[in-house]
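File shown here: start_35.pdb, holding PDB, C-alpha atoms.
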ATOM      1  CA  MET A   1     -92.322-184.916   4.004  1.00  0.00           C
ATOM      2  CA  PHE A   2     -92.273-187.223   0.967  1.00  0.00           C
ATOM      3  CA  LEU A   3     -88.579-186.498   0.339  1.00  0.00           C
ATOM      4  CA  ILE A   4     -87.790-187.209   3.977  1.00  0.00           C
ATOM      5  CA  ALA A   5     -89.612-190.546   3.674  1.00  0.00           C
ATOM      6  CA  LEU A   6     -87.549-191.392   0.575  1.00  0.00           C
ATOM      7  CA  LEU A   7     -84.338-190.422   2.352  1.00  0.00           C
ATOM      8  CA  LEU A   8     -85.265-192.607   5.330  1.00  0.00           C
ATOM      9  CA  ALA A   9     -86.043-195.503   2.973  1.00  0.00           C
ATOM     10  CA  PHE A  10     -82.669-194.991   1.261  1.00  0.00           C
ATOM     11  CA  ILE A  11     -80.945-195.057   4.656  1.00  0.00           C
ATOM     12  CA  ALA A  12     -82.860-198.257   5.474  1.00  0.00           C
ATOM     13  CA  GLY A  13     -81.521-199.807   2.275  1.00  0.00           C
ATOM     14  CA  ILE A  14     -77.971-198.912   3.259  1.00  0.00           C
ATOM     15  CA  ALA A  15     -78.520-200.273   6.761  1.00  0.00           C
ATOM     16  CA  MET A  16     -80.015-203.510   5.412  1.00  0.00           C
ATOM     17  CA  ALA A  17     -77.022-204.155   3.155  1.00  0.00           C
ATOM     18  CA  VAL A  18     -74.573-203.474   5.989  1.00  0.00           C
ATOM     19  CA  GLN A  19     -76.619-205.470   8.515  1.00  0.00           C
ATOM     20  CA  GLY A  20     -76.935-208.439   6.181  1.00  0.00           C
ATOM     21  CA  THR A  21     -73.185-208.492   5.655  1.00  0.00           C
ATOM     22  CA  ILE A  22     -72.424-208.145   9.383  1.00  0.00           C
ATOM     23  CA  ASN A  23     -74.959-210.846  10.270  1.00  0.00           C
ATOM     24  CA  THR A  24     -73.446-213.131   7.629  1.00  0.00           C
ATOM     25  CA  GLY A  25     -70.027-212.710   9.241  1.00  0.00           C
ATOM     26  CA  LEU A  26     -71.527-213.591  12.620  1.00  0.00           C
ATOM     27  CA  GLY A  27     -73.345-216.542  11.055  1.00  0.00           C
ATOM     28  CA  LYS A  28     -70.106-217.920   9.610  1.00  0.00           C
ATOM     29  CA  ILE A  29     -68.711-218.089  13.143  1.00  0.00           C
ATOM     30  CA  VAL A  30     -71.687-219.252  15.230  1.00  0.00           C
ATOM     31  CA  GLY A  31     -74.155-220.560  12.591  1.00  0.00           C
ATOM     32  CA  LEU A  32     -76.990-218.900  10.660  1.00  0.00           C
ATOM     33  CA  LEU A  33     -79.868-219.725  12.978  1.00  0.00           C
ATOM     34  CA  GLU A  34     -77.733-219.007  16.029  1.00  0.00           C
ATOM     35  CA  SER A  35     -76.705-215.614  14.671  1.00  0.00           C
ATOM     36  CA  THR A  36     -80.350-214.828  13.896  1.00  0.00           C
ATOM     37  CA  PHE A  37     -81.119-215.533  17.560  1.00  0.00           C
ATOM     38  CA  ILE A  38     -78.229-213.353  18.770  1.00  0.00           C
ATOM     39  CA  VAL A  39     -79.270-210.456  16.532  1.00  0.00           C
ATOM     40  CA  HIS A  40     -82.857-210.624  17.816  1.00  0.00           C
ATOM     41  CA  VAL A  41     -81.727-210.729  21.462  1.00  0.00           C
ATOM     42  CA  ILE A  42     -79.481-207.698  20.950  1.00  0.00           C
ATOM     43  CA  GLY A  43     -82.262-205.900  19.076  1.00  0.00           C
ATOM     44  CA  THR A  44     -84.713-206.685  21.876  1.00  0.00           C
ATOM     45  CA  LEU A  45     -82.295-205.318  24.482  1.00  0.00           C
ATOM     46  CA  ALA A  46     -81.800-202.147  22.429  1.00  0.00           C
ATOM     47  CA  LEU A  47     -85.561-201.680  22.159  1.00  0.00           C
ATOM     48  CA  LEU A  48     -86.051-202.240  25.891  1.00  0.00           C
ATOM     49  CA  ILE A  49     -83.549-199.469  26.559  1.00  0.00           C
ATOM     50  CA  LEU A  50     -85.149-197.114  24.020  1.00  0.00           C
ATOM     51  CA  LEU A  51     -88.732-197.743  25.162  1.00  0.00           C
ATOM     52  CA  PHE A  52     -88.444-198.102  28.915  1.00  0.00           C
ATOM     53  CA  LEU A  53     -85.257-196.367  30.008  1.00  0.00           C
ATOM     54  CA  LEU A  54     -85.023-193.533  27.489  1.00  0.00           C
ATOM     55  CA  ARG A  55     -88.787-193.353  26.793  1.00  0.00           C
ATOM     56  CA  VAL A  56     -88.206-192.668  23.100  1.00  0.00           C
ATOM     57  CA  GLY A  57     -91.399-194.334  21.855  1.00  0.00           C
ATOM     58  CA  ARG A  58     -94.498-192.269  21.162  1.00  0.00           C
ATOM     59  CA  GLY A  59     -96.977-195.119  20.796  1.00  0.00           C
ATOM     60  CA  ASP A  60     -99.250-196.871  23.268  1.00  0.00           C
ATOM     61  CA  LEU A  61     -98.370-200.434  24.293  1.00  0.00           C
ATOM     62  CA  GLY A  62    -101.658-200.468  26.211  1.00  0.00           C
ATOM     63  CA  LYS A  63    -103.399-201.086  22.882  1.00  0.00           C
ATOM     64  CA  ILE A  64    -101.570-204.387  22.333  1.00  0.00           C
ATOM     65  CA  ALA A  65    -104.763-206.423  22.860  1.00  0.00           C
ATOM     66  CA  GLU A  66    -106.506-204.482  20.060  1.00  0.00           C
ATOM     67  CA  VAL A  67    -104.032-205.585  17.397  1.00  0.00           C
ATOM     68  CA  PRO A  68    -105.294-208.209  14.902  1.00  0.00           C
ATOM     69  CA  TRP A  69    -103.382-211.490  15.287  1.00  0.00           C
ATOM     70  CA  TYR A  70    -101.891-211.432  11.784  1.00  0.00           C
ATOM     71  CA  LEU A  71    -100.057-208.165  12.483  1.00  0.00           C
ATOM     72  CA  TYR A  72     -97.872-210.073  14.954  1.00  0.00           C
ATOM     73  CA  LEU A  73     -96.506-212.245  12.137  1.00  0.00           C
ATOM     74  CA  GLY A  74     -93.833-209.598  11.524  1.00  0.00           C
ATOM     75  CA  GLY A  75     -91.766-211.121  14.331  1.00  0.00           C
ATOM     76  CA  ILE A  76     -91.748-214.515  12.644  1.00  0.00           C
ATOM     77  CA  ILE A  77     -91.120-212.950   9.247  1.00  0.00           C
ATOM     78  CA  SER A  78     -88.191-211.040  10.769  1.00  0.00           C
ATOM     79  CA  VAL A  79     -86.528-214.334  11.686  1.00  0.00           C
ATOM     80  CA  LEU A  80     -87.102-215.589   8.135  1.00  0.00           C
ATOM     81  CA  ILE A  81     -85.657-212.369   6.672  1.00  0.00           C
ATOM     82  CA  LEU A  82     -82.515-212.383   8.798  1.00  0.00           C
ATOM     83  CA  TYR A  83     -81.850-216.056   8.142  1.00  0.00           C
ATOM     84  CA  THR A  84     -82.435-215.937   4.387  1.00  0.00           C
ATOM     85  CA  VAL A  85     -80.479-212.691   3.917  1.00  0.00           C
ATOM     86  CA  GLN A  86     -77.488-214.287   5.646  1.00  0.00           C
ATOM     87  CA  ALA A  87     -77.794-217.454   3.600  1.00  0.00           C
ATOM     88  CA  GLY A  88     -78.120-215.463   0.372  1.00  0.00           C
ATOM     89  CA  ILE A  89     -75.148-213.211   1.083  1.00  0.00           C
ATOM     90  CA  ALA A  90     -73.006-216.114   2.294  1.00  0.00           C
ATOM     91  CA  HIS A  91     -73.497-218.020  -0.962  1.00  0.00           C
ATOM     92  CA  ALA A  92     -74.057-215.301  -3.585  1.00  0.00           C
ATOM     93  CA  GLY A  93     -72.281-212.229  -2.194  1.00  0.00           C
ATOM     94  CA  ALA A  94     -73.713-208.982  -0.873  1.00  0.00           C
ATOM     95  CA  ALA A  95     -74.454-207.271  -4.217  1.00  0.00           C
ATOM     96  CA  THR A  96     -76.037-210.294  -5.894  1.00  0.00           C
ATOM     97  CA  ALA A  97     -78.134-211.232  -2.872  1.00  0.00           C
ATOM     98  CA  THR A  98     -79.216-207.636  -2.307  1.00  0.00           C
ATOM     99  CA  THR A  99     -80.238-207.360  -5.960  1.00  0.00           C
ATOM    100  CA  ALA A 100     -82.449-210.431  -5.598  1.00  0.00           C
ATOM    101  CA  ILE A 101     -83.842-209.038  -2.337  1.00  0.00           C
ATOM    102  CA  ILE A 102     -84.756-205.730  -3.985  1.00  0.00           C
ATOM    103  CA  VAL A 103     -86.518-207.410  -6.914  1.00  0.00           C
ATOM    104  CA  GLY A 104     -88.515-209.546  -4.458  1.00  0.00           C
ATOM    105  CA  GLN A 105     -89.310-206.530  -2.278  1.00  0.00           C
ATOM    106  CA  VAL A 106     -90.509-204.319  -5.108  1.00  0.00           C
ATOM    107  CA  GLY A 107     -92.595-207.029  -6.764  1.00  0.00           C
ATOM    108  CA  THR A 108     -94.280-207.889  -3.484  1.00  0.00           C
ATOM    109  CA  ALA A 109     -94.682-204.240  -2.487  1.00  0.00           C
ATOM    110  CA  LEU A 110     -96.517-203.500  -5.744  1.00  0.00           C
ATOM    111  CA  LEU A 111     -99.020-206.245  -4.958  1.00  0.00           C
ATOM    112  CA  LEU A 112     -99.424-205.137  -1.334  1.00  0.00           C
ATOM    113  CA  ASP A 113    -100.044-201.538  -2.468  1.00  0.00           C
ATOM    114  CA  HIS A 114    -102.417-202.548  -5.257  1.00  0.00           C
ATOM    115  CA  PHE A 115    -104.633-204.616  -2.969  1.00  0.00           C
ATOM    116  CA  GLY A 116    -104.233-202.349   0.080  1.00  0.00           C
ATOM    117  CA  CYS A 117    -103.061-205.233   2.247  1.00  0.00           C
ATOM    118  CA  PHE A 118    -102.743-204.938   6.036  1.00  0.00           C
ATOM    119  CA  GLY A 119    -104.424-201.544   6.195  1.00  0.00           C
ATOM    120  CA  LEU A 120    -102.366-199.827   3.484  1.00  0.00           C
ATOM    121  CA  GLU A 121    -103.988-197.265   1.246  1.00  0.00           C
ATOM    122  CA  LYS A 122    -104.708-198.853  -2.147  1.00  0.00           C
ATOM    123  CA  ILE A 123    -102.274-197.616  -4.776  1.00  0.00           C
ATOM    124  CA  PRO A 124    -103.211-199.067  -8.171  1.00  0.00           C
ATOM    125  CA  PHE A 125    -100.687-200.879 -10.324  1.00  0.00           C
ATOM    126  CA  THR A 126    -100.005-198.830 -13.489  1.00  0.00           C
ATOM    127  CA  TRP A 127     -98.152-199.325 -16.768  1.00  0.00           C
ATOM    128  CA  TYR A 128     -95.474-196.937 -15.511  1.00  0.00           C
ATOM    129  CA  LYS A 129     -94.877-199.240 -12.571  1.00  0.00           C
ATOM    130  CA  ALA A 130     -94.797-202.231 -14.902  1.00  0.00           C
ATOM    131  CA  ILE A 131     -92.116-200.502 -16.961  1.00  0.00           C
ATOM    132  CA  GLY A 132     -90.233-199.680 -13.757  1.00  0.00           C
ATOM    133  CA  VAL A 133     -90.298-203.336 -12.726  1.00  0.00           C
ATOM    134  CA  ILE A 134     -89.049-204.347 -16.168  1.00  0.00           C
ATOM    135  CA  PHE A 135     -86.161-201.894 -15.885  1.00  0.00           C
ATOM    136  CA  LEU A 136     -85.479-203.134 -12.375  1.00  0.00           C
ATOM    137  CA  ALA A 137     -85.365-206.714 -13.646  1.00  0.00           C
ATOM    138  CA  ILE A 138     -83.013-205.670 -16.463  1.00  0.00           C
ATOM    139  CA  GLY A 139     -80.813-203.907 -13.916  1.00  0.00           C
ATOM    140  CA  ALA A 140     -80.864-207.005 -11.726  1.00  0.00           C
ATOM    141  CA  LYS A 141     -79.818-209.125 -14.693  1.00  0.00           C
ATOM    142  CA  LEU A 142     -76.951-206.735 -15.426  1.00  0.00           C
ATOM    143  CA  MET A 143     -75.869-206.851 -11.759  1.00  0.00           C
ATOM    144  CA  LEU A 144     -75.780-210.661 -11.916  1.00  0.00           C
ATOM    145  CA  MET A 145     -73.575-210.755 -15.015  1.00  0.00           C
ATOM    146  CA  LYS A 146     -69.870-211.334 -14.491  1.00  0.00           C
TER
END
Would you mind giving the structure from this file in structure tokens?
Amino acid sequence: MFLIALLLAFIAGIAMAVQGTINTGLGKIVGLLESTFIVHVIGTLALLILLFLLRVGRGDLGKIAEVPWYLYLGGIISVLILYTVQAGIAHAGAATATTAIIVGQVGTALLLDHFGCFGLEKIPFTWYKAIGVIFLAIGAKLMLMK
């Protein structure tokens, strides 16, 4: 199951790079904030079809009132992500922007895991992870060199 999770995460990384580039192209035509809106509308329509017409979901929307308020912030953060990814790619290129995104993601993820934020299981920060972050930062620096 762990390998499947890693494969899915790898696929997500591919999808994020492609999506960011596609959204940037849309943003160059209609504007960054406008393209963020369009992408969210299309995503919402796709989810409506998956959840209500195709009944793909396995969760329980009836529990929506039980969710702590801060777990709804993902929707707002999604707008921030789409907008800033487009802006980053538009000005720095896909590889450079994605490198910066990955460094930010991993650094933040280590903190979220360490403190067990938002219901995550606590996974302590170790020296091995520190070395991994250092290598990641070195790799990011190499990616940014011309």
For this session: Could you list the residues chosen by the PyMOL selection byres ((chain A and resi 29-39) around 10) in this structure as number ranges by chain?
Result: A: 19, 23-28, 40-45, 78-87, 90
Seminar exercise, completed: Computed gap from CA of His114 (chain A) to CA of Val67 (chain A) is 22.9 Å
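For the set A:Ile4, A:Phe118, A:Ala95, A:Ala100, the residue with the smallest atom-to-atom gap to Leu136 (chain A) is A:Ala100, counting all atoms listed in the file.
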For this session: Output the residue selection produced by the PyMOL selection byres ((chain A and resi 140) around 9) on the file above, formatted as a PyMOL selection string.
Result: chain A and resi 96+99-100+102-103+135-139+141-145
For this session: With a distance cut-off of 9 Å and all atoms listed in the file, select the neighbouring residues of Pro124 (chain A), excluding the residue or stretch itself and same-chain residues fewer than 4 positions from it, and output the selection as an MDAnalysis selection string.
Result: chainID A and resid 110:111 113:116
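For the atom pair formed by CA of Lys63 (chain A) and CA of Gly119 (chain A), the distance is 16.7 Å, given to one decimal.
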For this session: Figure out the distance between CA of Tyr72 (chain A) and CA of Asp60 (chain A), please, to one decimal in Å.
Result: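 Taking CA of Asp60 (chain A) as the start and CA of Tyr72 (chain A) as the end point, the length is 15.7 Å.
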Problem set entry | Selected residue, from A:Ala130, A:Ala94, A:Leu50, A:Gly57, that lies nearest to Val18 (chain A) when counting only C-alpha atoms |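 Under the stated criterion, the closest residue is A:Ala94.
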